[in-house]
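Asks: Provided herewith: upload-v9.cif, mmCIF, C-alpha atoms.
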data_data
#
loop_
_atom_site.group_PDB
_atom_site.id
_atom_site.type_symbol
_atom_site.label_atom_id
_atom_site.label_comp_id
_atom_site.auth_asym_id
_atom_site.auth_seq_id
_atom_site.Cartn_x
_atom_site.Cartn_y
_atom_site.Cartn_z
ATOM 1 C CA MET A 155 0.000 0.000 0.000
ATOM 2 C CA SER A 156 2.810 2.424 0.854
ATOM 3 C CA ALA A 157 4.621 1.616 -2.398
ATOM 4 C CA SER A 158 1.453 2.327 -4.410
ATOM 5 C CA LEU A 159 0.957 5.630 -2.576
ATOM 6 C CA LEU A 160 4.576 6.593 -3.164
ATOM 7 C CA PHE A 161 4.246 5.781 -6.891
ATOM 8 C CA THR A 162 1.083 7.901 -7.142
ATOM 9 C CA CYS A 163 2.727 10.869 -5.407
ATOM 10 C CA ALA A 164 5.754 10.628 -7.690
ATOM 11 C CA LEU A 165 3.536 10.513 -10.766
ATOM 12 C CA ILE A 166 1.560 13.563 -9.603
ATOM 13 C CA ALA A 167 4.771 15.457 -8.938
ATOM 14 C CA LEU A 168 6.066 14.588 -12.402
ATOM 15 C CA LEU A 169 2.867 15.814 -14.049
ATOM 16 C CA LEU A 170 2.917 19.056 -12.064
ATOM 17 C CA GLY A 171 6.528 19.619 -13.064
ATOM 18 C CA LEU A 172 5.683 19.116 -16.713
ATOM 19 C CA ALA A 173 2.739 21.511 -16.404
ATOM 20 C CA ILE A 174 4.900 24.204 -14.807
ATOM 21 C CA ALA A 175 7.592 23.804 -17.477
ATOM 22 C CA GLY A 176 4.978 23.966 -20.243
ATOM 23 C CA ALA A 177 3.388 27.079 -18.762
ATOM 24 C CA HIS A 178 6.796 28.751 -18.496
ATOM 25 C CA TRP A 179 7.581 27.896 -22.120
ATOM 26 C CA LEU A 180 4.198 29.170 -23.318
ATOM 27 C CA GLN A 181 4.719 32.440 -21.428
ATOM 28 C CA ARG A 182 8.108 32.948 -23.073
ATOM 29 C CA SER A 183 6.669 32.150 -26.516
ATOM 30 C CA ARG A 184 3.841 34.641 -26.033
ATOM 31 C CA GLN A 185 6.228 37.355 -24.882
ATOM 32 C CA SER A 186 8.466 36.706 -27.897
ATOM 33 C CA GLY A 187 5.482 36.905 -30.246
ATOM 34 C CA HIS A 188 4.375 40.147 -28.589
ATOM 35 C CA VAL A 189 7.825 41.671 -29.056
ATOM 36 C CA VAL A 190 7.845 40.721 -32.748
ATOM 37 C CA HIS A 191 4.372 42.203 -33.166
ATOM 38 C CA VAL A 192 5.449 45.488 -31.543
ATOM 39 C CA ILE A 193 8.562 45.694 -33.730
ATOM 40 C CA ASP A 194 6.513 45.090 -36.891
ATOM 41 C CA ARG A 195 4.086 47.834 -35.940
ATOM 42 C CA ALA A 196 6.953 50.234 -35.254
ATOM 43 C CA LEU A 197 8.590 49.476 -38.606
ATOM 44 C CA GLN A 198 5.378 50.092 -40.502
ATOM 45 C CA GLN A 199 5.161 53.662 -39.073
ATOM 46 C CA GLN A 200 1.512 54.090 -39.934
ATOM 47 C CA PRO A 201 -0.659 56.546 -38.038
ATOM 48 C CA SER A 202 -3.154 54.845 -35.785
ATOM 49 C CA SER A 203 -6.814 55.479 -36.362
ATOM 50 C CA ALA A 204 -9.968 54.426 -34.607
ATOM 51 C CA ALA A 205 -10.387 51.398 -36.851
ATOM 52 C CA GLN A 206 -6.774 50.315 -36.277
ATOM 53 C CA ASP A 207 -7.173 50.735 -32.517
ATOM 54 C CA ALA A 208 -10.333 48.647 -32.597
ATOM 55 C CA ALA A 209 -8.580 45.964 -34.626
ATOM 56 C CA ALA A 210 -5.623 45.973 -32.224
ATOM 57 C CA HIS A 211 -7.992 45.663 -29.285
ATOM 58 C CA ALA A 212 -9.736 42.748 -30.985
ATOM 59 C CA ASP A 213 -6.381 41.059 -31.639
ATOM 60 C CA GLN A 214 -5.611 41.239 -27.930
ATOM 61 C CA SER A 215 -8.822 39.493 -26.982
ATOM 62 C CA LEU A 216 -8.718 36.219 -25.111
ATOM 63 C CA TRP A 217 -9.709 34.171 -28.148
ATOM 64 C CA ARG A 218 -7.030 35.743 -30.337
ATOM 65 C CA ARG A 219 -4.365 35.234 -27.708
ATOM 66 C CA THR A 220 -5.429 31.611 -27.269
ATOM 67 C CA LEU A 221 -5.152 30.968 -30.997
ATOM 68 C CA ASP A 222 -1.774 32.673 -31.129
ATOM 69 C CA THR A 223 -0.531 30.530 -28.258
ATOM 70 C CA LEU A 224 -1.745 27.338 -29.925
ATOM 71 C CA ALA A 225 -0.160 28.417 -33.206
ATOM 72 C CA SER A 226 3.181 29.083 -31.498
ATOM 73 C CA VAL A 227 3.091 25.628 -29.893
ATOM 74 C CA GLY A 228 2.257 24.015 -33.237
ATOM 75 C CA ARG A 229 5.006 25.864 -35.108
ATOM 76 C CA HIS A 230 7.541 24.776 -32.507
ATOM 77 C CA PHE A 231 6.788 21.067 -32.999
ATOM 78 C CA GLU A 232 5.610 21.015 -36.624
ATOM 79 C CA SER A 233 9.034 20.544 -38.206
ATOM 80 C CA GLY A 234 10.044 17.742 -35.825
ATOM 81 C CA ARG A 235 9.171 14.085 -35.761
ATOM 82 C CA LEU A 236 6.347 14.669 -33.310
ATOM 83 C CA GLY A 237 4.712 17.172 -35.625
ATOM 84 C CA GLN A 238 5.072 14.860 -38.612
ATOM 85 C CA ALA A 239 3.506 12.014 -36.633
ATOM 86 C CA LEU A 240 0.558 14.105 -35.440
ATOM 87 C CA LEU A 241 -0.006 15.971 -38.725
ATOM 88 C CA THR A 242 -0.440 13.136 -41.208
ATOM 89 C CA PRO A 243 -1.505 13.451 -44.872
ATOM 90 C CA GLU A 244 -4.994 12.384 -43.785
ATOM 91 C CA ASP A 245 -5.136 15.335 -41.380
ATOM 92 C CA ARG A 246 -3.949 17.679 -44.119
ATOM 93 C CA LEU A 247 -6.698 16.370 -46.401
ATOM 94 C CA LEU A 248 -9.316 16.976 -43.707
ATOM 95 C CA LEU A 249 -7.981 20.502 -43.198
ATOM 96 C CA ASP A 250 -8.078 21.032 -46.950
ATOM 97 C CA GLN A 251 -11.707 19.895 -47.097
ATOM 98 C CA ALA A 252 -12.546 22.330 -44.314
ATOM 99 C CA ASN A 253 -10.666 25.101 -46.190
ATOM 100 C CA ARG A 254 -8.233 25.414 -43.285
ATOM 101 C CA ASN A 255 -5.067 24.029 -44.878
ATOM 102 C CA THR A 256 -2.905 27.076 -44.201
ATOM 103 C CA PRO A 257 0.328 27.200 -42.164
ATOM 104 C CA THR A 258 -1.410 29.049 -39.326
ATOM 105 C CA ASP A 259 -4.387 26.695 -39.211
ATOM 106 C CA ARG A 260 -2.136 23.647 -39.340
ATOM 107 C CA ALA A 261 -0.101 25.039 -36.453
ATOM 108 C CA ILE A 262 -3.269 25.748 -34.450
ATOM 109 C CA PHE A 263 -4.567 22.222 -35.073
ATOM 110 C CA LEU A 264 -1.268 20.655 -34.026
ATOM 111 C CA GLY A 265 -0.966 22.912 -30.979
ATOM 112 C CA LEU A 266 -4.532 22.074 -29.916
ATOM 113 C CA ARG A 267 -3.807 18.350 -30.054
ATOM 114 C CA LEU A 268 -0.661 18.740 -27.985
ATOM 115 C CA VAL A 269 -2.222 21.058 -25.397
ATOM 116 C CA LEU A 270 -5.258 18.836 -24.931
ATOM 117 C CA ALA A 271 -3.102 15.726 -24.728
ATOM 118 C CA MET A 272 -1.057 17.259 -21.893
ATOM 119 C CA GLY A 273 -3.788 19.311 -20.229
ATOM 120 C CA LEU A 274 -6.661 16.827 -20.111
ATOM 121 C CA PRO A 275 -4.884 14.278 -17.849
ATOM 122 C CA ILE A 276 -3.866 17.070 -15.468
ATOM 123 C CA PHE A 277 -7.398 18.519 -15.480
ATOM 124 C CA LEU A 278 -9.000 15.113 -14.783
ATOM 125 C CA LEU A 279 -6.417 14.068 -12.198
ATOM 126 C CA PRO A 280 -8.535 15.045 -9.123
ATOM 127 C CA TRP A 281 -11.410 12.880 -10.392
ATOM 128 C CA LEU A 282 -9.338 9.836 -11.306
ATOM 129 C CA SER A 283 -9.622 7.148 -8.656
ATOM 130 C CA GLY A 284 -7.300 4.308 -7.825
ATOM 131 C CA GLY A 285 -3.571 4.120 -7.668
ATOM 132 C CA GLY A 286 -0.605 2.499 -9.298
ATOM 133 C CA ILE A 287 -1.326 0.783 -12.607
ATOM 134 C CA ARG A 288 -5.006 1.804 -12.597
ATOM 135 C CA LEU A 289 -4.153 5.479 -12.280
ATOM 136 C CA LEU A 290 -1.543 5.148 -15.001
ATOM 137 C CA LEU A 291 -4.090 3.540 -17.340
ATOM 138 C CA ASN A 292 -6.631 6.297 -16.616
ATOM 139 C CA LEU A 293 -4.045 8.962 -17.372
ATOM 140 C CA ALA A 294 -3.097 7.195 -20.600
ATOM 141 C CA ALA A 295 -6.761 7.071 -21.616
ATOM 142 C CA ALA A 296 -7.151 10.800 -20.901
ATOM 143 C CA PHE A 297 -3.981 11.504 -22.881
ATOM 144 C CA ALA A 298 -5.301 9.519 -25.865
ATOM 145 C CA ALA A 299 -8.691 11.247 -25.652
ATOM 146 C CA GLY A 300 -7.085 14.691 -25.670
ATOM 147 C CA LEU A 301 -4.871 13.703 -28.580
ATOM 148 C CA LEU A 302 -7.667 12.268 -30.744
ATOM 149 C CA LEU A 303 -10.558 14.606 -29.898
ATOM 150 C CA PRO A 304 -9.524 17.432 -32.307
ATOM 151 C CA LYS A 305 -9.136 14.921 -35.132
ATOM 152 C CA PHE A 306 -12.593 13.453 -34.489
ATOM 153 C CA ILE A 307 -14.131 16.936 -34.512
ATOM 154 C CA LEU A 308 -12.288 17.863 -37.714
ATOM 155 C CA SER A 309 -13.365 14.599 -39.355
ATOM 156 C CA ALA A 310 -17.012 15.223 -38.436
ATOM 157 C CA TRP A 311 -16.750 18.758 -39.819
ATOM 158 C CA ALA A 312 -15.250 17.503 -43.083
ATOM 159 C CA ASN A 313 -17.940 14.810 -43.409
ATOM 160 C CA GLY A 314 -20.622 17.451 -42.983
ATOM 161 C CA LEU A 315 -19.023 19.600 -45.692
ATOM 162 C CA ARG A 316 -18.840 16.628 -48.077
ATOM 163 C CA LYS A 317 -22.524 15.943 -47.519
ATOM 164 C CA ARG A 318 -23.369 19.589 -48.170
ATOM 165 C CA VAL A 319 -21.325 19.522 -51.371
ATOM 166 C CA ASP A 320 -23.236 16.438 -52.474
ATOM 167 C CA ASP A 321 -26.538 18.220 -51.772
ATOM 168 C CA GLU A 322 -25.513 21.465 -53.509
ATOM 169 C CA LEU A 323 -24.159 19.869 -56.686
ATOM 170 C CA PRO A 324 -27.501 19.468 -58.563
ATOM 171 C CA LEU A 325 -28.361 23.128 -57.953
ATOM 172 C CA LEU A 326 -24.936 24.177 -59.236
ATOM 173 C CA ILE A 327 -25.510 22.226 -62.441
ATOM 174 C CA ASP A 328 -28.938 23.806 -62.903
ATOM 175 C CA LEU A 329 -27.470 27.289 -62.402
ATOM 176 C CA LEU A 330 -24.769 26.618 -64.984
ATOM 177 C CA ARG A 331 -27.393 25.356 -67.458
ATOM 178 C CA LEU A 332 -29.521 28.446 -66.865
ATOM 179 C CA LEU A 333 -26.649 30.872 -67.343
ATOM 180 C CA GLN A 334 -25.327 29.030 -70.387
ATOM 181 C CA GLY A 335 -28.804 29.064 -71.888
ATOM 182 C CA VAL A 336 -28.953 32.877 -71.873
ATOM 183 C CA GLY A 337 -25.623 33.205 -73.674
ATOM 184 C CA VAL A 338 -23.251 33.825 -70.750
ATOM 185 C CA SER A 339 -19.723 32.452 -71.092
ATOM 186 C CA MET A 340 -18.352 29.876 -68.693
ATOM 187 C CA ASP A 341 -16.041 32.337 -66.929
ATOM 188 C CA GLN A 342 -18.856 34.835 -66.488
ATOM 189 C CA SER A 343 -21.128 32.061 -65.257
ATOM 190 C CA LEU A 344 -18.634 31.109 -62.563
ATOM 191 C CA GLN A 345 -18.265 34.757 -61.565
ATOM 192 C CA ILE A 346 -22.036 35.235 -61.297
ATOM 193 C CA ILE A 347 -22.478 32.054 -59.256
ATOM 194 C CA ALA A 348 -19.693 33.048 -56.853
ATOM 195 C CA GLU A 349 -21.021 36.597 -56.394
ATOM 196 C CA ARG A 350 -24.820 36.302 -56.523
ATOM 197 C CA PHE A 351 -25.644 32.715 -55.575
ATOM 198 C CA ARG A 352 -23.179 32.198 -52.759
ATOM 199 C CA THR A 353 -25.939 32.215 -50.153
ATOM 200 C CA VAL A 354 -27.790 29.469 -52.042
ATOM 201 C CA ILE A 355 -24.796 27.142 -52.379
ATOM 202 C CA PRO A 356 -22.482 28.358 -49.586
ATOM 203 C CA VAL A 357 -19.835 25.618 -49.730
ATOM 204 C CA LEU A 358 -19.504 25.326 -53.503
ATOM 205 C CA GLY A 359 -19.965 29.086 -53.866
ATOM 206 C CA ARG A 360 -17.012 29.691 -51.565
ATOM 207 C CA GLU A 361 -14.876 27.185 -53.465
ATOM 208 C CA ILE A 362 -15.789 28.729 -56.827
ATOM 209 C CA HIS A 363 -15.009 32.187 -55.444
ATOM 210 C CA ASP A 364 -11.550 31.014 -54.335
ATOM 211 C CA ALA A 365 -11.006 29.420 -57.756
ATOM 212 C CA ASN A 366 -11.979 32.682 -59.482
ATOM 213 C CA VAL A 367 -9.554 34.639 -57.304
ATOM 214 C CA ALA A 368 -6.753 32.202 -58.185
ATOM 215 C CA TYR A 369 -7.647 32.484 -61.880
ATOM 216 C CA ILE A 370 -7.587 36.282 -61.729
ATOM 217 C CA HIS A 371 -4.121 36.147 -60.162
ATOM 218 C CA GLY A 372 -2.752 34.217 -63.140
ATOM 219 C CA ARG A 373 -3.360 30.543 -62.511
ATOM 220 C CA PRO A 374 -4.797 28.443 -65.356
ATOM 221 C CA ARG A 375 -8.444 27.543 -65.054
ATOM 222 C CA ALA A 376 -7.672 23.831 -64.616
ATOM 223 C CA GLN A 377 -5.215 24.537 -61.811
ATOM 224 C CA SER A 378 -7.525 27.008 -60.102
ATOM 225 C CA LEU A 379 -10.285 24.359 -60.026
ATOM 226 C CA ARG A 380 -7.960 21.569 -58.865
ATOM 227 C CA ARG A 381 -8.863 21.988 -55.189
ATOM 228 C CA LEU A 382 -12.577 21.899 -55.997
ATOM 229 C CA SER A 383 -12.041 18.701 -57.969
ATOM 230 C CA GLU A 384 -9.776 16.802 -55.586
ATOM 231 C CA SER A 385 -10.506 17.934 -52.043
ATOM 232 C CA PHE A 386 -13.963 16.461 -51.499
ATOM 233 C CA GLY A 387 -13.494 13.095 -53.213
ATOM 234 C CA ASN A 388 -16.733 13.471 -55.196
ATOM 235 C CA GLN A 389 -16.655 11.743 -58.587
ATOM 236 C CA ASP A 390 -19.610 13.742 -59.930
ATOM 237 C CA LEU A 391 -17.939 16.997 -58.950
ATOM 238 C CA GLN A 392 -14.747 15.888 -60.683
ATOM 239 C CA SER A 393 -16.735 15.162 -63.860
ATOM 240 C CA LEU A 394 -18.343 18.600 -63.697
ATOM 241 C CA VAL A 395 -14.947 20.274 -63.303
ATOM 242 C CA GLN A 396 -13.678 18.377 -66.344
ATOM 243 C CA ILE A 397 -16.641 19.653 -68.377
ATOM 244 C CA ILE A 398 -15.966 23.228 -67.234
ATOM 245 C CA VAL A 399 -12.270 22.979 -68.116
ATOM 246 C CA GLN A 400 -12.996 21.507 -71.552
ATOM 247 C CA VAL A 401 -15.527 24.223 -72.359
ATOM 248 C CA HIS A 402 -13.083 26.887 -71.158
ATOM 249 C CA GLU A 403 -10.237 25.530 -73.303
ATOM 250 C CA HIS A 404 -12.064 24.414 -76.443
ATOM 251 C CA GLY A 405 -15.428 26.186 -76.313
ATOM 252 C CA GLY A 406 -18.614 24.698 -77.756
ATOM 253 C CA ALA A 407 -22.168 24.170 -76.565
ATOM 254 C CA VAL A 408 -22.430 22.884 -73.038
ATOM 255 C CA GLN A 409 -26.166 22.869 -72.403
ATOM 256 C CA GLU A 410 -26.749 19.355 -73.712
ATOM 257 C CA PRO A 411 -23.812 17.772 -71.786
ATOM 258 C CA LEU A 412 -24.978 19.539 -68.629
ATOM 259 C CA ARG A 413 -28.544 18.323 -69.168
ATOM 260 C CA GLN A 414 -27.400 14.745 -69.642
ATOM 261 C CA PHE A 415 -25.091 15.034 -66.663
ATOM 262 C CA ALA A 416 -27.936 16.393 -64.490
ATOM 263 C CA GLU A 417 -30.263 13.583 -65.566
ATOM 264 C CA ARG A 418 -27.636 10.947 -64.838
ATOM 265 C CA LEU A 419 -26.973 12.504 -61.448
ATOM 266 C CA ARG A 420 -30.668 12.496 -60.577
ATOM 267 C CA GLU A 421 -31.009 8.862 -61.644
ATOM 268 C CA GLN A 422 -28.066 7.953 -59.424
ATOM 269 C CA ARG A 423 -29.688 9.767 -56.516
ATOM 270 C CA LYS A 424 -32.967 7.935 -57.095
ATOM 271 C CA MET A 425 -31.186 4.593 -57.088
ATOM 272 C CA SER A 426 -29.317 5.583 -53.931
ATOM 273 C CA MET A 427 -32.566 6.566 -52.234
ATOM 274 C CA LYS A 428 -34.186 3.262 -53.251
ATOM 275 C CA GLU A 429 -31.211 1.373 -51.838
ATOM 276 C CA ARG A 430 -31.364 3.300 -48.579
ATOM 277 C CA THR A 431 -35.124 2.727 -48.390
ATOM 278 C CA GLY A 432 -34.626 -1.019 -48.840
ATOM 279 C CA LYS A 433 -32.021 -1.142 -46.080
ATOM 280 C CA LEU A 434 -34.274 0.913 -43.816
ATOM 281 C CA SER A 435 -37.168 -1.500 -44.424
ATOM 282 C CA VAL A 436 -35.011 -4.426 -43.317
ATOM 283 C CA LYS A 437 -33.921 -2.550 -40.190
ATOM 284 C CA MET A 438 -37.510 -1.576 -39.369
ATOM 285 C CA THR A 439 -38.581 -5.224 -39.744
ATOM 286 C CA LEU A 440 -36.114 -6.209 -37.042
ATOM 287 C CA VAL A 441 -37.302 -3.344 -34.822
ATOM 288 C CA MET A 442 -40.942 -4.368 -35.301
ATOM 289 C CA MET A 443 -40.126 -7.971 -34.430
ATOM 290 C CA LEU A 444 -38.471 -6.888 -31.198
ATOM 291 C CA THR A 445 -41.034 -4.271 -30.137
ATOM 292 C CA LEU A 446 -44.365 -4.494 -31.933
ATOM 293 C CA LEU A 447 -44.684 -8.290 -32.228
ATOM 294 C CA PRO A 448 -44.509 -9.028 -28.453
ATOM 295 C CA ALA A 449 -47.121 -6.339 -27.792
ATOM 296 C CA LEU A 450 -49.356 -7.716 -30.561
ATOM 297 C CA MET A 451 -49.053 -11.248 -29.253
ATOM 298 C CA LEU A 452 -49.907 -10.005 -25.770
ATOM 299 C CA VAL A 453 -53.027 -8.242 -27.022
ATOM 300 C CA LEU A 454 -54.194 -11.178 -29.163
ATOM 301 C CA ALA A 455 -53.217 -14.111 -26.972
ATOM 302 C CA GLY A 456 -53.651 -12.422 -23.604
ATOM 303 C CA PRO A 457 -57.438 -12.898 -23.248
ATOM 304 C CA ALA A 458 -57.170 -16.517 -24.395
ATOM 305 C CA ALA A 459 -54.407 -17.186 -21.862
ATOM 306 C CA ILE A 460 -56.432 -15.579 -19.078
ATOM 307 C CA SER A 461 -59.508 -17.621 -20.046
ATOM 308 C CA LEU A 462 -57.452 -20.821 -20.127
ATOM 309 C CA VAL A 463 -55.999 -20.148 -16.672
ATOM 310 C CA SER A 464 -59.484 -19.436 -15.274
ATOM 311 C CA THR A 465 -60.861 -22.659 -16.778
ATOM 312 C CA LEU A 466 -58.025 -24.729 -15.345
ATOM 313 C CA ALA A 467 -58.544 -23.147 -11.940
ATOM 314 C CA LYS A 468 -62.249 -24.041 -12.005
ATOM 315 C CA LEU A 469 -61.472 -27.632 -13.030
ATOM 316 C CA ARG A 470 -59.021 -27.980 -10.162
ATOM 317 C CA GLY A 471 -61.645 -26.593 -7.796
ATOM 318 C CA HIS A 472 -64.107 -29.303 -8.768
#
Starting from the file, give its structure as structure tokens.

Replies:
Amino acid sequence: MSASLLFTCALIALLLGLAIAGAHWLQRSRQSGHVVHVIDRALQQQPSSAAQDAAAHADQSLWRRTLDTLASVGRHFESGRLGQALLTPEDRLLLDQANRNTPTDRAIFLGLRLVLAMGLPIFLLPWLSGGGIRLLLNLAAAFAAGLLLPKFILSAWANGLRKRVDDELPLLIDLLRLLQGVGVSMDQSLQIIAERFRTVIPVLGREIHDANVAYIHGRPRAQSLRRLSESFGNQDLQSLVQIIVQVHEHGGAVQEPLRQFAERLREQRKMSMKERTGKLSVKMTLVMMLTLLPALMLVLAGPAAISLVSTLAKLRGH
């Protein structure tokens, strides 16, 4: 018992030491970032105005400082082996799907995983019971939960965006058909969709807007639409991007290909809905067998069972 208590006390002391060292390092990183920020502002030598003061005040808010701290932690470990292990190509793809695949966002994501992995065991330490091996296993579970929780949240976010892209794709095709039918070029159609229909198709509208900005800055149309084609893993969206690129490079009528593409997409959706309906019917059959059938048998066979028991009781009485 004394050995287990001594092991627990040593483990708690080690965790507190790591927390103090991490807090000291974070404080130094924040002070260094503040000094760099002050030097940059002094070198710019721009007169401060009310808007600049408001922006500076907003930058010093708690949320902004938290993000800056997480970014500094992520940048410190990103180039090392730990950063490469925690920021895998799968994580980069999820960040790309969420439109957050920038150096700052990657550093924030990595810093959040590291901070939660170290902070969650310390935060849950007063509520963890047991000692020795049991306490060590609980701390390891809390460490794993803090390490994996940001990835689970990012994966759920990316899955939601992929579903929204799948839902917005038919409307995008109809808008392109409508604009092409009135004689608008493909580039103008993409500009109109990004500017005027962004509230209708928010995810695809944002992606088309980013592609238009890249195209204006000199990138070829195929390269500017590469992220839209590859990030979401949607085969129908890739086919649509190929049609757009071909029309942009070679010209020609696009209404009939878009109409055929829209019809094929709707047929695929109908087949998918029929398949989902069939699977749901099978699942509901199992649910009905487990819930409705016992109640039905009770209602139908209950009076007969009660009558049979009463008859047997009378026969025994005679």

Asks: With distances taken over only C-alpha atoms, which residue among A:Asn313, A:Ser461, A:Thr353, A:Ser378 lies nearest Leu247 of chain A?

Replies: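 Looking at the shortest contact to Leu247 of chain A, the residue is A:Asn313.
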
Asks: For the provided coordinates, the residues matched by the PyMOL selection byres ((chain A and resi 411) around 12) should be stated as an mmCIF file with C-alpha atoms, in the coordinates of the input.

Replies:
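Final output, saved to part.cif:
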data_model
loop_
_atom_site.group_PDB
_atom_site.id
_atom_site.type_symbol
_atom_site.label_atom_id
_atom_site.label_comp_id
_atom_site.auth_asym_id
_atom_site.auth_seq_id
_atom_site.Cartn_x
_atom_site.Cartn_y
_atom_site.Cartn_z
ATOM 1 C CA ILE A 327 -25.510 22.226 -62.441
ATOM 2 C CA ASP A 328 -28.938 23.806 -62.903
ATOM 3 C CA LEU A 330 -24.769 26.618 -64.984
ATOM 4 C CA ARG A 331 -27.393 25.356 -67.458
ATOM 5 C CA GLN A 334 -25.327 29.030 -70.387
ATOM 6 C CA SER A 393 -16.735 15.162 -63.860
ATOM 7 C CA LEU A 394 -18.343 18.600 -63.697
ATOM 8 C CA GLN A 396 -13.678 18.377 -66.344
ATOM 9 C CA ILE A 397 -16.641 19.653 -68.377
ATOM 10 C CA ILE A 398 -15.966 23.228 -67.234
ATOM 11 C CA GLN A 400 -12.996 21.507 -71.552
ATOM 12 C CA VAL A 401 -15.527 24.223 -72.359
ATOM 13 C CA GLY A 406 -18.614 24.698 -77.756
ATOM 14 C CA ALA A 407 -22.168 24.170 -76.565
ATOM 15 C CA VAL A 408 -22.430 22.884 -73.038
ATOM 16 C CA GLN A 409 -26.166 22.869 -72.403
ATOM 17 C CA GLU A 410 -26.749 19.355 -73.712
ATOM 18 C CA LEU A 412 -24.978 19.539 -68.629
ATOM 19 C CA ARG A 413 -28.544 18.323 -69.168
ATOM 20 C CA GLN A 414 -27.400 14.745 -69.642
ATOM 21 C CA PHE A 415 -25.091 15.034 -66.663
ATOM 22 C CA ALA A 416 -27.936 16.393 -64.490
ATOM 23 C CA GLU A 417 -30.263 13.583 -65.566
ATOM 24 C CA ARG A 418 -27.636 10.947 -64.838
#

Asks: Restricting the calculation to all atoms listed in the file: of A:Leu323, A:Leu249, A:Leu268, A:Ile347, which residue gets closest to Ala365 of chain A?

Replies: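 Residue with the minimum atom-to-atom distance to Ala365 of chain A: A:Ile347.
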
Asks: Leaving out Gln251 of chain A and any residue of its chain fewer than 6 positions from it, which residues lie within 8 Å of it when counting all atoms listed in the file, given as a list in words?

Replies: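 Non-adjacent residues within range: Ala312, Leu315, Arg316, Ser385 and Phe386 of chain A.
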
Asks: What separation in Å, quoted to one decimal, exists between atom CA of Leu333 of chain A and atom CA of Leu419 of chain A?

Replies: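 Rounded to one decimal, the two atoms are 19.3 Å apart.
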
Asks: Find the residue from A:Asp390, A:Leu291, A:Val367, A:Ala296 that sits nearest to Leu326 of chain A; use all atoms listed in the file when measuring.

Replies: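 Smallest distance to Leu326 of chain A is found for A:Asp390.
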
Asks: Which residues would end up in the selection if the PyMOL selection byres ((chain A and resi 261) around 10) were applied here, given that I need the answer as a PDB file with C-alpha atoms, in the frame of the given file?

Replies:
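Dumped to result_36.pdb:
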ATOM      1  CA  LEU A 221      -5.152  30.968 -30.997  1.00  0.00           C
ATOM      2  CA  ASP A 222      -1.774  32.673 -31.129  1.00  0.00           C
ATOM      3  CA  THR A 223      -0.531  30.530 -28.258  1.00  0.00           C
ATOM      4  CA  LEU A 224      -1.745  27.338 -29.925  1.00  0.00           C
ATOM      5  CA  ALA A 225      -0.160  28.417 -33.206  1.00  0.00           C
ATOM      6  CA  SER A 226       3.181  29.083 -31.498  1.00  0.00           C
ATOM      7  CA  VAL A 227       3.091  25.628 -29.893  1.00  0.00           C
ATOM      8  CA  GLY A 228       2.257  24.015 -33.237  1.00  0.00           C
ATOM      9  CA  ARG A 229       5.006  25.864 -35.108  1.00  0.00           C
ATOM     10  CA  HIS A 230       7.541  24.776 -32.507  1.00  0.00           C
ATOM     11  CA  PHE A 231       6.788  21.067 -32.999  1.00  0.00           C
ATOM     12  CA  GLU A 232       5.610  21.015 -36.624  1.00  0.00           C
ATOM     13  CA  GLY A 237       4.712  17.172 -35.625  1.00  0.00           C
ATOM     14  CA  LEU A 241      -0.006  15.971 -38.725  1.00  0.00           C
ATOM     15  CA  ASN A 255      -5.067  24.029 -44.878  1.00  0.00           C
ATOM     16  CA  THR A 256      -2.905  27.076 -44.201  1.00  0.00           C
ATOM     17  CA  PRO A 257       0.328  27.200 -42.164  1.00  0.00           C
ATOM     18  CA  THR A 258      -1.410  29.049 -39.326  1.00  0.00           C
ATOM     19  CA  ASP A 259      -4.387  26.695 -39.211  1.00  0.00           C
ATOM     20  CA  ARG A 260      -2.136  23.647 -39.340  1.00  0.00           C
ATOM     21  CA  ILE A 262      -3.269  25.748 -34.450  1.00  0.00           C
ATOM     22  CA  PHE A 263      -4.567  22.222 -35.073  1.00  0.00           C
ATOM     23  CA  LEU A 264      -1.268  20.655 -34.026  1.00  0.00           C
ATOM     24  CA  GLY A 265      -0.966  22.912 -30.979  1.00  0.00           C
ATOM     25  CA  LEU A 266      -4.532  22.074 -29.916  1.00  0.00           C
ATOM     26  CA  ARG A 267      -3.807  18.350 -30.054  1.00  0.00           C
TER      27      ARG A 267
END

Asks: Between A:Thr431, A:Gln389, A:Glu244, A:Asn253, which residue has the minimum interatomic distance to Asp364 of chain A, considering all atoms listed in the file?

Replies: A:Asn253

Asks: Need to verify the contact set: Ile355 of chain A, 8 Å, only C-alpha atoms, exclusion of same-chain residues closer than 2 positions in sequence. Can you return it as a VMD selection string?

Replies: chain A and resid 322 325 to 326 351 to 353 357 to 359

Asks: Report as CSV the residues of segment 294-352 of chain A within 12 Å of segment 270-287 of chain A, each with its shortest atom pair and distance in Å (one decimal), using only C-alpha atoms, ordered by chain and increasing residue number.

Replies:
residue,atom,partner,partner_atom,distance
A:Ala294,CA,A:Pro275,CA,7.8
A:Ala295,CA,A:Pro275,CA,8.3
A:Ala296,CA,A:Pro275,CA,5.2
A:Phe297,CA,A:Ala271,CA,4.7
A:Ala298,CA,A:Ala271,CA,6.7
A:Ala299,CA,A:Ala271,CA,7.2
A:Gly300,CA,A:Ala271,CA,4.2
A:Leu301,CA,A:Ala271,CA,4.7
A:Leu302,CA,A:Ala271,CA,8.3
A:Leu303,CA,A:Leu270,CA,8.4
A:Pro304,CA,A:Leu270,CA,8.6
A:Lys305,CA,A:Leu270,CA,11.6

Asks: Using only C-alpha atoms, which residues sit within 8 Å of Asn366 of chain A once same-chain residues fewer than 3 positions away are excluded, as a tab-separated table (two decimals) with C-alpha atoms, in the frame of the given file?

Replies:
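Written out: around12.tsv:
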chain	number	residue	atom	x	y	z
A	344	LEU	CA	-18.63	31.11	-62.56
A	345	GLN	CA	-18.26	34.76	-61.56
A	362	ILE	CA	-15.79	28.73	-56.83
A	363	HIS	CA	-15.01	32.19	-55.44
A	369	TYR	CA	-7.65	32.48	-61.88
A	370	ILE	CA	-7.59	36.28	-61.73
A	378	SER	CA	-7.52	27.01	-60.10
